[in-house]
Amino acid sequence: MVLRGPWATGQPPCPAGIVTAMASPDAIPLLVYGPRSTAYDFGPAHPLTPRRFGTGISLLEELGAVPNLAPEPATDEELQTIHDPAYVAAVREFSEHPFGPPRFGVGPGDTPPFAGMHEASAAVAGGSLRAVEAILRGDVLHAFHPGGGLHHAMPARASGFCVYDDPALAVARARADGLRVLYVDLDVHHGDGVQAIHWSDPGVMTASIHETGAALFPGSGFADELGGGAARGTKVNLPLDPGTGERGWLGALEMTLPRLAERFRPEIVVSQHGADSHAFDPLAHLLVTTTAMGAAARLVDTIAHTWAGGRWLATGGGGYDAYRVVPRAWALVWLAQSHREAPDSLPSSWRERWAADAERHGQSPIPVTFSDPPNAGLRADAMSARADERALEIARSVLELVERAGPT
Ligand SMILES: [Zn+2]
């Protein structure tokens with residue numbers, strides 16, 4: 001991609017003094033959350049509900065986390081480093097007048113217009129941008145933006161609940177400083193927007209593990225999508241069969257991510273921790289557990305420290321079980337960034353606080369522990385066992401494809 005706009009001009013990267021309540025650079029991860037986070041809201045019937053911030057942030061706070069970077073909108077100039085000006089203008093129009101015929105992917109269905117949509121979406125982008133800038137300045141090693149991870153947004157199209165592509169913007173921001181970026185996407189859906197936006201940049205490796213596009217939105221992310229031109233071999237996809245459980249999912253990650261990092265030698269890691277690969281998630285068909293998600297977050301932490309001087313921005317993403325899954329998944333990312341083990345059990349006061357809501361929304365009972373039993377207590381059938389085996393075969397063959405694609 002060609003970098004335009006504010007970061008290519010030699011201006012100071014961003015105003016100082018945004019980061020508050022910081023101890024030492026590696027003690028506490030930055031936690032991105034503030035009043036604007038809950039404004040990203042497509043309405044009460046939409047699966048991406050801001051209710052997850054109530055459960056998720058309160059559990060993080062019970063563990064000792066303190067939100068210390070409140071997202072504010074990114075500027076149009078910043079958004080237009082990856083998005084078309086005409087698209088940003090259209091989102092602004094929908095934001096003021098949330099009706100009218102569908103345009104640029106905004107309309108009835110997945111990504112409907114709402115009042116204030118531009119400001120709320122630009123604030124998600126701004127949260128990830130300011131977080132990556134804090135890492136680039138050396139203020140912190142790790143940052144976590146649970147409301148970020150809107151990985152389906154395209155340069156000129158909203159898609160799959162995503163308006164502005166905050167992870168792709170964070171990657172672009174690190175590229176403007178000349179760093180090689182490894183982007184790891186753990187959401188159950190393919191990270192298609194980030195892959196498309198950085199398709200031809202050999203300085204960006206994207207690695208996405210997801211349910212196969214043959215069975216699930218957005219219908220892409222196959223093993224032969226390897227990157228364009230000189231970037232061939234830097235775009236990596238692990239498409240898994242429906243029914244794949246923690247053994248196949250985590251096994252595939254453990255087999256591939258360390259090898260890919262060693263090959264690519266990233267200088268910063270950006271990751272997306274969508275919790276919708278979980279067995280309880282209502283929108284997809286993998287059988288992953290919080291146990292595996294926690295192990296994956298710790299694997300990303302190890303890679304960041306081994307290859308990238310510890311520089312690591314984690315974002316949230318999908319996840320539509322706002323009581324049983326999302327809060328624990330976010331907590332495990334934050335604990336990995338804090339280099340802390342998960343406590344044995346969830347605070348009982350927290351479970352009691354949300355029990356009635358969880359029941360009302362059909363997502364109860366809330367589990368007692370951060371980790372799940374194997375297959376989250378569901379009985380693994382023969383199909384799931386085969387899917388696990390297939391996942392490991394896919395991982396092996398994808399590594400061969402990448403290595404055949406040439407040096408990075
Ligand atoms: Zn770390």
# chains A, B, ... in the order shown; residues from 1 in each chain; ligands from 1

$ closest_atom_pairs --of "chain A" --to "ligand 1" --cutoff "12 Å" --atoms "only C-alpha atoms and all ligand atoms" --output "tab-separated table"
residue	atom	partner	partner_atom_place_in_ligand_line	distance
A:Pro25	CA	ligand 1	1 (Zn)	10.9
A:Asp26	CA	ligand 1	1 (Zn)	7.6
A:Ala27	CA	ligand 1	1 (Zn)	9.2
A:Ile28	CA	ligand 1	1 (Zn)	9.7
A:Pro29	CA	ligand 1	1 (Zn)	8.7
A:Leu30	CA	ligand 1	1 (Zn)	11.9
A:Val140	CA	ligand 1	1 (Zn)	10.5
A:Leu141	CA	ligand 1	1 (Zn)	7.3
A:His142	CA	ligand 1	1 (Zn)	6.7
A:Ala143	CA	ligand 1	1 (Zn)	9.9
A:Phe144	CA	ligand 1	1 (Zn)	11.6
A:Val269	CA	ligand 1	1 (Zn)	11.1
A:Ala297	CA	ligand 1	1 (Zn)	9.7
A:Arg298	CA	ligand 1	1 (Zn)	8.0
A:Leu299	CA	ligand 1	1 (Zn)	9.7
A:Val300	CA	ligand 1	1 (Zn)	8.5
A:Asp301	CA	ligand 1	1 (Zn)	4.7
A:Thr302	CA	ligand 1	1 (Zn)	6.7
A:Ile303	CA	ligand 1	1 (Zn)	8.9
A:Ala304	CA	ligand 1	1 (Zn)	6.9
A:His305	CA	ligand 1	1 (Zn)	6.2
A:Thr306	CA	ligand 1	1 (Zn)	9.7
A:Trp307	CA	ligand 1	1 (Zn)	11.6
A:Ala308	CA	ligand 1	1 (Zn)	10.5
A:Gly309	CA	ligand 1	1 (Zn)	9.4
A:Gly310	CA	ligand 1	1 (Zn)	5.9
A:Arg311	CA	ligand 1	1 (Zn)	8.2
A:Trp312	CA	ligand 1	1 (Zn)	7.8
A:Leu313	CA	ligand 1	1 (Zn)	10.5
A:Ala314	CA	ligand 1	1 (Zn)	11.1
A:Val333	CA	ligand 1	1 (Zn)	10.5
A:Trp334	CA	ligand 1	1 (Zn)	10.0
A:Leu335	CA	ligand 1	1 (Zn)	9.5
A:Ala336	CA	ligand 1	1 (Zn)	6.8
A:Gln337	CA	ligand 1	1 (Zn)	5.0
A:Ser338	CA	ligand 1	1 (Zn)	6.7
A:His339	CA	ligand 1	1 (Zn)	6.0
A:Arg340	CA	ligand 1	1 (Zn)	9.7

$ write_last_selection --atoms "N, CA and C atoms" --output "compact mmCIF listing (two decimals), in the first residue's frame"
# COMPACT_ATOMS: atom_id res chain seq x y z
N PRO A 25 7.28 0.47 31.86
CA PRO A 25 6.87 0.07 30.51
C PRO A 25 6.34 -1.35 30.41
N ASP A 26 6.84 -2.27 31.23
CA ASP A 26 6.40 -3.65 31.00
C ASP A 26 5.55 -4.22 32.13
N ALA A 27 5.16 -3.38 33.08
CA ALA A 27 4.44 -3.92 34.23
C ALA A 27 2.96 -4.13 33.93
N ILE A 28 2.33 -3.13 33.37
CA ILE A 28 0.87 -3.18 33.20
C ILE A 28 0.54 -2.93 31.73
N PRO A 29 -0.26 -3.80 31.14
CA PRO A 29 -0.67 -3.50 29.76
C PRO A 29 -1.63 -2.31 29.73
N LEU A 30 -1.54 -1.56 28.65
CA LEU A 30 -2.51 -0.49 28.43
C LEU A 30 -3.87 -1.14 28.15
N VAL A 140 4.64 1.64 26.59
CA VAL A 140 4.20 0.33 27.08
C VAL A 140 4.71 -0.73 26.11
N LEU A 141 4.78 -1.98 26.58
CA LEU A 141 5.09 -3.08 25.68
C LEU A 141 3.81 -3.65 25.08
N HIS A 142 2.79 -3.81 25.94
CA HIS A 142 1.56 -4.46 25.51
C HIS A 142 0.37 -3.52 25.69
N ALA A 143 -0.59 -3.63 24.79
CA ALA A 143 -1.86 -2.92 24.94
C ALA A 143 -2.98 -3.82 24.48
N PHE A 144 -4.14 -3.66 25.11
CA PHE A 144 -5.31 -4.48 24.77
C PHE A 144 -6.50 -3.55 24.54
N VAL A 269 3.83 -7.07 16.95
CA VAL A 269 2.75 -8.03 16.73
C VAL A 269 1.42 -7.32 17.00
N ALA A 297 -3.26 -16.91 23.58
CA ALA A 297 -2.81 -15.55 23.94
C ALA A 297 -1.40 -15.60 24.52
N ARG A 298 -1.12 -16.62 25.31
CA ARG A 298 0.24 -16.74 25.89
C ARG A 298 1.26 -17.07 24.79
N LEU A 299 0.84 -17.81 23.78
CA LEU A 299 1.73 -18.10 22.65
C LEU A 299 2.07 -16.80 21.90
N VAL A 300 1.07 -15.94 21.69
CA VAL A 300 1.32 -14.66 21.02
C VAL A 300 2.27 -13.81 21.88
N ASP A 301 2.09 -13.84 23.21
CA ASP A 301 2.98 -13.09 24.11
C ASP A 301 4.43 -13.57 23.95
N THR A 302 4.60 -14.89 23.92
CA THR A 302 5.96 -15.44 23.77
C THR A 302 6.58 -15.01 22.45
N ILE A 303 5.79 -15.03 21.39
CA ILE A 303 6.30 -14.62 20.08
C ILE A 303 6.69 -13.14 20.10
N ALA A 304 5.85 -12.31 20.74
CA ALA A 304 6.16 -10.87 20.80
C ALA A 304 7.48 -10.65 21.54
N HIS A 305 7.70 -11.38 22.63
CA HIS A 305 8.94 -11.19 23.40
C HIS A 305 10.15 -11.80 22.69
N THR A 306 9.92 -12.92 21.97
CA THR A 306 11.04 -13.59 21.30
C THR A 306 11.53 -12.79 20.10
N TRP A 307 10.61 -12.22 19.33
CA TRP A 307 10.98 -11.62 18.04
C TRP A 307 10.77 -10.13 17.95
N ALA A 308 9.89 -9.56 18.74
CA ALA A 308 9.46 -8.18 18.49
C ALA A 308 9.72 -7.25 19.68
N GLY A 309 10.70 -7.58 20.51
CA GLY A 309 11.02 -6.74 21.65
C GLY A 309 9.85 -6.58 22.61
N GLY A 310 8.87 -7.49 22.52
CA GLY A 310 7.71 -7.44 23.39
C GLY A 310 6.58 -6.57 22.87
N ARG A 311 6.81 -5.87 21.74
CA ARG A 311 5.78 -4.94 21.24
C ARG A 311 4.55 -5.73 20.75
N TRP A 312 3.39 -5.51 21.40
CA TRP A 312 2.20 -6.32 21.10
C TRP A 312 0.92 -5.54 21.39
N LEU A 313 0.15 -5.30 20.34
CA LEU A 313 -1.21 -4.76 20.47
C LEU A 313 -2.20 -5.89 20.24
N ALA A 314 -3.03 -6.16 21.25
CA ALA A 314 -4.11 -7.15 21.11
C ALA A 314 -5.43 -6.41 20.98
N VAL A 333 -6.77 -12.79 27.74
CA VAL A 333 -5.84 -11.97 26.95
C VAL A 333 -5.12 -11.00 27.88
N TRP A 334 -5.89 -10.32 28.75
CA TRP A 334 -5.28 -9.34 29.64
C TRP A 334 -4.30 -10.01 30.62
N LEU A 335 -4.67 -11.19 31.12
CA LEU A 335 -3.77 -11.91 32.02
C LEU A 335 -2.48 -12.32 31.29
N ALA A 336 -2.60 -12.75 30.04
CA ALA A 336 -1.40 -13.10 29.26
C ALA A 336 -0.51 -11.87 29.10
N GLN A 337 -1.12 -10.71 28.85
CA GLN A 337 -0.34 -9.48 28.69
C GLN A 337 0.27 -9.04 30.02
N SER A 338 -0.36 -9.40 31.12
CA SER A 338 0.14 -9.04 32.45
C SER A 338 1.12 -10.09 32.98
N HIS A 339 1.35 -11.15 32.20
CA HIS A 339 2.22 -12.26 32.61
C HIS A 339 1.75 -12.85 33.93
N ARG A 340 0.43 -13.00 34.03
CA ARG A 340 -0.17 -13.57 35.24
C ARG A 340 -0.98 -14.81 34.90

$ residues_around --residues "His361 of chain A" --least-positions-apart "5" --cutoff "10 Å" --atoms "only C-alpha atoms" --output "count of residues only"
4

$ closest_atom_pairs --of "segment 118-163 of chain A" --to "segment 182-201 of chain A" --cutoff "9 Å" --atoms "only C-alpha atoms" --output "JSON lines"
{"residue": "A:Gly149", "atom": "CA", "partner": "A:Asp185", "partner_atom": "CA", "distance": 8.9}
{"residue": "A:Leu150", "atom": "CA", "partner": "A:Gly193", "partner_atom": "CA", "distance": 8.6}
{"residue": "A:His151", "atom": "CA", "partner": "A:Gly193", "partner_atom": "CA", "distance": 5.3}
{"residue": "A:His152", "atom": "CA", "partner": "A:Gly193", "partner_atom": "CA", "distance": 4.4}
{"residue": "A:Ala153", "atom": "CA", "partner": "A:Gly193", "partner_atom": "CA", "distance": 5.2}
{"residue": "A:Met154", "atom": "CA", "partner": "A:Gly193", "partner_atom": "CA", "distance": 5.0}
{"residue": "A:Pro155", "atom": "CA", "partner": "A:Ile197", "partner_atom": "CA", "distance": 7.0}
{"residue": "A:Ser159", "atom": "CA", "partner": "A:Gly193", "partner_atom": "CA", "distance": 8.8}

$ write_last_selection --atoms "C-alpha atoms" --output "JSON list (two decimals), in the first residue's frame"
[["chain", "number", "residue", "atom", "x", "y", "z"],
["A", 149, "GLY", "CA", -10.63, -5.96, 16.01],
["A", 150, "LEU", "CA", -13.12, -4.87, 13.32],
["A", 151, "HIS", "CA", -11.26, -6.92, 10.73],
["A", 152, "HIS", "CA", -13.85, -7.23, 7.93],
["A", 153, "ALA", "CA", -13.98, -3.55, 6.92],
["A", 154, "MET", "CA", -12.63, -2.98, 3.41],
["A", 155, "PRO", "CA", -11.16, 0.20, 1.88],
["A", 159, "SER", "CA", -18.83, -5.59, 6.11]]

$ select_by_dssp --residues "segment 132-206 of chain A" --states "strand (DSSP E or B)" --output "ChimeraX atom specification"
/A:142-145,154,157,159,162,181-185,204-206

$ select_by_dssp --residues "segment 240-336 of chain A" --states "helix (DSSP H, G or I)" --output "number ranges by chain"
A: 246-264, 290-307, 326-336

$ write_last_selection --atoms "C-alpha atoms" --output "PDB file, in the first residue's frame"
ATOM      1  CA  GLU A 246      -9.441 -27.116  20.911  1.00  0.00           C
ATOM      2  CA  ARG A 247      -7.013 -29.930  20.020  1.00  0.00           C
ATOM      3  CA  GLY A 248      -7.037 -29.103  16.311  1.00  0.00           C
ATOM      4  CA  TRP A 249      -7.294 -25.313  16.727  1.00  0.00           C
ATOM      5  CA  LEU A 250      -4.540 -24.892  19.311  1.00  0.00           C
ATOM      6  CA  GLY A 251      -2.425 -27.638  17.740  1.00  0.00           C
ATOM      7  CA  ALA A 252      -2.520 -25.854  14.376  1.00  0.00           C
ATOM      8  CA  LEU A 253      -1.505 -22.556  16.002  1.00  0.00           C
ATOM      9  CA  GLU A 254       1.321 -24.131  17.998  1.00  0.00           C
ATOM     10  CA  MET A 255       2.617 -25.831  14.865  1.00  0.00           C
ATOM     11  CA  THR A 256       2.539 -22.741  12.643  1.00  0.00           C
ATOM     12  CA  LEU A 257       2.901 -19.460  14.572  1.00  0.00           C
ATOM     13  CA  PRO A 258       6.413 -19.998  16.004  1.00  0.00           C
ATOM     14  CA  ARG A 259       7.697 -21.182  12.588  1.00  0.00           C
ATOM     15  CA  LEU A 260       6.067 -18.250  10.781  1.00  0.00           C
ATOM     16  CA  ALA A 261       7.486 -15.754  13.284  1.00  0.00           C
ATOM     17  CA  GLU A 262      10.962 -17.234  12.988  1.00  0.00           C
ATOM     18  CA  ARG A 263      10.722 -17.013   9.216  1.00  0.00           C
ATOM     19  CA  PHE A 264       9.262 -13.470   9.101  1.00  0.00           C
ATOM     20  CA  THR A 290     -11.342 -20.646  26.824  1.00  0.00           C
ATOM     21  CA  THR A 291      -8.498 -22.945  27.910  1.00  0.00           C
ATOM     22  CA  ALA A 292      -7.217 -22.998  24.326  1.00  0.00           C
ATOM     23  CA  MET A 293      -7.840 -19.255  23.876  1.00  0.00           C
ATOM     24  CA  GLY A 294      -5.729 -18.495  26.962  1.00  0.00           C
ATOM     25  CA  ALA A 295      -2.941 -20.728  25.685  1.00  0.00           C
ATOM     26  CA  ALA A 296      -3.105 -18.981  22.290  1.00  0.00           C
ATOM     27  CA  ALA A 297      -2.815 -15.554  23.943  1.00  0.00           C
ATOM     28  CA  ARG A 298       0.244 -16.740  25.885  1.00  0.00           C
ATOM     29  CA  LEU A 299       1.732 -18.095  22.646  1.00  0.00           C
ATOM     30  CA  VAL A 300       1.324 -14.656  21.025  1.00  0.00           C
ATOM     31  CA  ASP A 301       2.984 -13.089  24.105  1.00  0.00           C
ATOM     32  CA  THR A 302       5.959 -15.444  23.773  1.00  0.00           C
ATOM     33  CA  ILE A 303       6.297 -14.616  20.079  1.00  0.00           C
ATOM     34  CA  ALA A 304       6.163 -10.871  20.802  1.00  0.00           C
ATOM     35  CA  HIS A 305       8.944 -11.193  23.395  1.00  0.00           C
ATOM     36  CA  THR A 306      11.044 -13.588  21.298  1.00  0.00           C
ATOM     37  CA  TRP A 307      10.983 -11.622  18.039  1.00  0.00           C
ATOM     38  CA  VAL A 326     -16.499 -13.071  26.015  1.00  0.00           C
ATOM     39  CA  PRO A 327     -15.612 -11.871  29.551  1.00  0.00           C
ATOM     40  CA  ARG A 328     -13.421 -14.907  30.243  1.00  0.00           C
ATOM     41  CA  ALA A 329     -11.775 -14.689  26.799  1.00  0.00           C
ATOM     42  CA  TRP A 330     -10.914 -10.996  27.313  1.00  0.00           C
ATOM     43  CA  ALA A 331      -9.657 -11.702  30.836  1.00  0.00           C
ATOM     44  CA  LEU A 332      -7.309 -14.389  29.522  1.00  0.00           C
ATOM     45  CA  VAL A 333      -5.836 -11.975  26.950  1.00  0.00           C
ATOM     46  CA  TRP A 334      -5.285  -9.340  29.642  1.00  0.00           C
ATOM     47  CA  LEU A 335      -3.769 -11.912  32.020  1.00  0.00           C
ATOM     48  CA  ALA A 336      -1.402 -13.096  29.259  1.00  0.00           C
TER      49      ALA A 336
END

$ residues_around --residues "Gly245 of chain A" --least-positions-apart "6" --cutoff "10 Å" --atoms "only C-alpha atoms" --output "ChimeraX atom specification"
/A:251,277-279,285-289,292,374-376,380,384-389,391

$ write_last_selection --atoms "all heavy atoms" --output "tab-separated table (two decimals), in the first residue's frame"
chain	number	residue	atom	x	y	z
A	251	GLY	N	-3.53	-26.88	18.36
A	251	GLY	CA	-2.42	-27.64	17.74
A	251	GLY	C	-1.95	-26.98	16.46
A	251	GLY	O	-0.74	-26.87	16.20
A	277	SER	N	-14.88	-18.43	18.20
A	277	SER	CA	-14.50	-19.81	17.89
A	277	SER	C	-14.95	-20.75	19.02
A	277	SER	O	-14.83	-21.97	18.88
A	277	SER	CB	-12.99	-19.91	17.70
A	277	SER	OG	-12.33	-19.44	18.86
A	278	HIS	N	-15.46	-20.17	20.10
A	278	HIS	CA	-15.84	-20.99	21.27
A	278	HIS	C	-17.03	-21.91	20.96
A	278	HIS	O	-17.92	-21.56	20.19
A	278	HIS	CB	-16.20	-20.09	22.45
A	278	HIS	CG	-16.25	-20.81	23.76
A	278	HIS	ND1	-17.36	-21.51	24.17
A	278	HIS	CD2	-15.32	-20.95	24.72
A	278	HIS	CE1	-17.11	-22.06	25.35
A	278	HIS	NE2	-15.88	-21.73	25.72
A	279	ALA	N	-17.03	-23.06	21.63
A	279	ALA	CA	-18.10	-24.05	21.43
A	279	ALA	C	-19.49	-23.49	21.69
A	279	ALA	O	-20.47	-23.93	21.08
A	279	ALA	CB	-17.84	-25.25	22.35
A	285	HIS	N	-19.30	-22.61	14.15
A	285	HIS	CA	-19.40	-24.06	14.38
A	285	HIS	C	-18.09	-24.71	14.81
A	285	HIS	O	-17.87	-25.88	14.56
A	285	HIS	CB	-19.92	-24.74	13.11
A	285	HIS	CG	-20.98	-23.96	12.42
A	285	HIS	ND1	-20.71	-23.12	11.35
A	285	HIS	CD2	-22.30	-23.81	12.69
A	285	HIS	CE1	-21.82	-22.51	10.98
A	285	HIS	NE2	-22.80	-22.90	11.76
A	286	LEU	N	-17.17	-23.94	15.42
A	286	LEU	CA	-15.99	-24.58	16.00
A	286	LEU	C	-16.29	-24.90	17.47
A	286	LEU	O	-17.27	-24.42	18.04
A	286	LEU	CB	-14.76	-23.68	15.88
A	286	LEU	CG	-14.31	-23.32	14.47
A	286	LEU	CD1	-12.92	-22.68	14.49
A	286	LEU	CD2	-14.34	-24.49	13.51
A	287	LEU	N	-15.44	-25.74	18.08
A	287	LEU	CA	-15.67	-26.19	19.46
A	287	LEU	C	-14.47	-25.85	20.34
A	287	LEU	O	-14.00	-26.66	21.13
A	287	LEU	CB	-15.94	-27.70	19.49
A	287	LEU	CG	-17.12	-28.19	18.65
A	287	LEU	CD1	-17.21	-29.72	18.68
A	287	LEU	CD2	-18.44	-27.58	19.12
A	288	VAL	N	-13.97	-24.62	20.17
A	288	VAL	CA	-12.80	-24.18	20.92
A	288	VAL	C	-13.21	-23.82	22.34
A	288	VAL	O	-14.39	-23.54	22.61
A	288	VAL	CB	-12.12	-23.01	20.17
A	288	VAL	CG1	-10.93	-22.45	20.94
A	288	VAL	CG2	-11.66	-23.49	18.77
A	289	THR	N	-12.24	-23.84	23.27
A	289	THR	CA	-12.50	-23.55	24.68
A	289	THR	C	-11.73	-22.30	25.12
A	289	THR	O	-10.77	-21.88	24.46
A	289	THR	CB	-12.00	-24.72	25.55
A	289	THR	OG1	-10.59	-24.89	25.29
A	289	THR	CG2	-12.73	-26.01	25.23
A	292	ALA	N	-8.04	-23.12	25.53
A	292	ALA	CA	-7.22	-23.00	24.33
A	292	ALA	C	-6.98	-21.53	23.98
A	292	ALA	O	-5.89	-21.15	23.54
A	292	ALA	CB	-7.89	-23.72	23.16
A	374	PRO	N	-12.56	-30.15	28.73
A	374	PRO	CA	-12.37	-30.48	27.31
A	374	PRO	C	-13.67	-30.30	26.52
A	374	PRO	O	-14.75	-30.70	26.99
A	374	PRO	CB	-11.93	-31.95	27.35
A	374	PRO	CG	-11.27	-32.09	28.69
A	374	PRO	CD	-12.03	-31.19	29.62
A	375	ASN	N	-13.55	-29.67	25.36
A	375	ASN	CA	-14.70	-29.40	24.49
A	375	ASN	C	-15.82	-28.64	25.20
A	375	ASN	O	-16.99	-28.77	24.86
A	375	ASN	CB	-15.24	-30.69	23.87
A	375	ASN	CG	-14.25	-31.29	22.90
A	375	ASN	OD1	-13.85	-30.64	21.94
A	375	ASN	ND2	-13.81	-32.50	23.18
A	376	ALA	N	-15.44	-27.87	26.21
A	376	ALA	CA	-16.38	-27.05	26.98
A	376	ALA	C	-17.52	-27.88	27.55
A	376	ALA	O	-18.63	-27.40	27.74
A	376	ALA	CB	-16.92	-25.90	26.11
A	380	ALA	N	-17.50	-34.77	22.42
A	380	ALA	CA	-16.87	-34.73	21.10
A	380	ALA	C	-17.31	-35.96	20.32
A	380	ALA	O	-17.20	-37.08	20.81
A	380	ALA	CB	-15.36	-34.71	21.24
A	384	SER	N	-16.02	-34.45	14.99
A	384	SER	CA	-15.14	-33.46	15.61
A	384	SER	C	-13.71	-34.00	15.72
A	384	SER	O	-12.74	-33.26	15.50
A	384	SER	CB	-15.70	-33.09	16.98
A	384	SER	OG	-14.82	-32.22	17.64
A	385	ALA	N	-13.59	-35.28	16.05
A	385	ALA	CA	-12.25	-35.88	16.14
A	385	ALA	C	-11.56	-35.85	14.79
A	385	ALA	O	-10.37	-35.55	14.69
A	385	ALA	CB	-12.37	-37.30	16.67
A	386	ARG	N	-12.33	-36.14	13.73
A	386	ARG	CA	-11.74	-36.08	12.37
A	386	ARG	C	-11.35	-34.64	12.03
A	386	ARG	O	-10.32	-34.41	11.41
A	386	ARG	CB	-12.75	-36.61	11.34
A	386	ARG	CG	-12.67	-38.09	11.10
A	386	ARG	CD	-13.33	-38.49	9.78
A	386	ARG	NE	-14.70	-37.99	9.66
A	386	ARG	CZ	-15.77	-38.60	10.17
A	386	ARG	NH1	-15.63	-39.73	10.84
A	386	ARG	NH2	-16.98	-38.09	10.00
A	387	ALA	N	-12.19	-33.67	12.42
A	387	ALA	CA	-11.89	-32.26	12.13
A	387	ALA	C	-10.60	-31.83	12.83
A	387	ALA	O	-9.80	-31.07	12.27
A	387	ALA	CB	-13.06	-31.37	12.56
A	388	ASP	N	-10.37	-32.34	14.05
A	388	ASP	CA	-9.12	-32.03	14.75
A	388	ASP	C	-7.91	-32.57	13.98
A	388	ASP	O	-6.89	-31.90	13.83
A	388	ASP	CB	-9.14	-32.63	16.16
A	388	ASP	CG	-9.96	-31.80	17.14
A	388	ASP	OD1	-10.26	-30.63	16.82
A	388	ASP	OD2	-10.29	-32.31	18.22
A	389	GLU	N	-8.03	-33.82	13.51
A	389	GLU	CA	-6.93	-34.41	12.73
A	389	GLU	C	-6.69	-33.59	11.46
A	389	GLU	O	-5.55	-33.30	11.09
A	389	GLU	CB	-7.27	-35.86	12.34
A	389	GLU	CG	-7.14	-36.84	13.49
A	389	GLU	CD	-5.77	-36.79	14.15
A	389	GLU	OE1	-4.75	-36.73	13.42
A	389	GLU	OE2	-5.72	-36.75	15.39
A	391	ALA	N	-7.27	-30.47	10.98
A	391	ALA	CA	-6.68	-29.16	11.30
A	391	ALA	C	-5.15	-29.28	11.33
A	391	ALA	O	-4.44	-28.39	10.83
A	391	ALA	CB	-7.20	-28.66	12.65

$ closest_residue --among "A:Val236, A:Ala39, A:Ala176, A:Ala230" --to "Thr81 of chain A" --atoms "only C-alpha atoms"
A:Ala176

$ closest_residue --among "A:Ala215, A:Ala158, A:Leu226, A:Ala395" --to "Asp84 of chain A" --atoms "only C-alpha atoms"
A:Ala158

$ residues_around --residues "Thr111 of chain A" --least-positions-apart "6" --cutoff "12 Å" --atoms "only C-alpha atoms" --output "count of residues only"
27

$ atom_distance --atom1 "atom CA of Gly221 of chain A" --atom2 "atom CA of Glu403 of chain A"
18.0 Å

$ atom_distance --atom1 "atom CA of Arg265 of chain A" --atom2 "atom CA of Ala125 of chain A"
26.1 Å
